[in-house]
Amino acid sequence: MTEKPEFLRRVRSFVRRPGRLTPAQAEALQDLLPRYSVAEGDLRCAFEREAELVVEIGFGNGQALAWMAANEPERNFVGIEVHEPGVGRLLRALAADELNNVRVAMRDAVEVLSEQARPGSIDQVRIYFPDPWPKKRHHKRRLIQPLFLRLLAERLKPGGLLHLATDWAPYAQWMIEALLEVDAFDNLGSPWVERPDWRPLTHFEKRGQRKGHEIFDILAERKER
């Protein structure tokens with residue numbers, strides 16, 4: 001794999017927030033994580049079949065990822081998340097529904113993409129409702145930055161899709177401006193799109209709607225090389 005740029009070595013895709021594990025979630029991490037984990041090695045090799053690979057970064061409580069995996073059985077999914085309660089909840093859902101087309105990476109997304117994904121090996125990347133870091137002094141912590149988008153572009157295949165969603169209007173504008181700085185992407189919206197059928201209503205989305213927030217879906221395509 002290529003060496004990470006200095007920016008990507010410094011910036012993480014998450015901020016650790018302690019969460020209380022239920023006994024069931026703790027049991028799932030102990031008993032089920034070894035079955036579903038992709039802690040090392042190429043992401044595409046984590047499955048017993050060859051299929052389109054979709055990576056969701058920051059899957060939260062896992063509800064959307066489990067729904068997508070069940071509704072798109074023809075695709076393989078890798079979910080990246082470090083919040084243990086959310087991972088435990090997803091693992092329980094995967095086992096209950098006997099979903100075998102999902103693997104979990106409990107590492108920083110920058111590390112996973114840099115070390116476990118070959119250039120052009122990912123078909124789609126989905127990032128739903130990342131932390132908006134609304135205060136100006138915290139904007140540098142936002143996940144969607146031009147250099148991170150360039151890393152995504154390297155890992156996406158030509159014609160691959162990047163799907164972003166947020167309920168924070170200033171962050172949506174930030175995303176659009178960041179995409180404009182990356183020549184490898186074409187924005188398929190003007191600048192937004194209607195929510196695609198493959199994205200379910202998420203927990204964070206419903207919470208934003210209750211607060212009166214508008215929802216923004218941004219769809220970009222990796223240009224042909």
# chains A, B, ... in the order shown; residues from 1 in each chain; ligands from 1
call {"tool": "residues_around", "arguments": {"residues": "range 158-172 of chain A", "least_positions_apart": "6", "cutoff": "10 Å", "atoms": "only C-alpha atoms", "output": "VMD selection string"}}
result
chain A and resid 54 to 56 120 to 134 139 142 144 149 152 178 184 to 188 191 to 193 195 to 196 199 204 to 209 211 to 225
call {"tool": "select_by_dssp", "arguments": {"residues": "range 2-187 of chain A", "states": "helix (DSSP H, G or I)", "output": "PyMOL selection string"}}
result
chain A and resi 6-10+23-31+33-36+43-46+63-71+84-96+109-116+136-141+146-155+169-180
call {"tool": "atom_distance", "arguments": {"atom1": "CA of Ala51 in chain A", "atom2": "CA of Phe77 in chain A"}}
result
9.5 Å
call {"tool": "closest_residue", "arguments": {"among": "A:Arg89, A:Lys157, A:Arg210, A:Lys140", "to": "Pro23 in chain A", "atoms": "only C-alpha atoms"}}
result
A:Arg89
call {"tool": "residues_around", "arguments": {"residues": "range 97-114 of chain A", "least_positions_apart": "6", "cutoff": "6 Å", "atoms": "only C-alpha atoms", "output": "JSON, numbers by chain"}}
result
{"A": [13, 36, 37, 38, 39, 76, 77, 78, 79, 80, 81, 82]}
call {"tool": "closest_residue", "arguments": {"among": "A:Lys136, A:Arg118, A:Arg35, A:Arg92", "to": "Ala153 in chain A", "atoms": "only C-alpha atoms"}}
result
A:Arg118
call {"tool": "atom_distance", "arguments": {"atom1": "CA of Arg137 in chain A", "atom2": "CA of Gly189 in chain A"}}
result
29.2 Å
call {"tool": "atom_distance", "arguments": {"atom1": "CA of Pro85 in chain A", "atom2": "CA of Ala69 in chain A"}}
result
19.5 Å
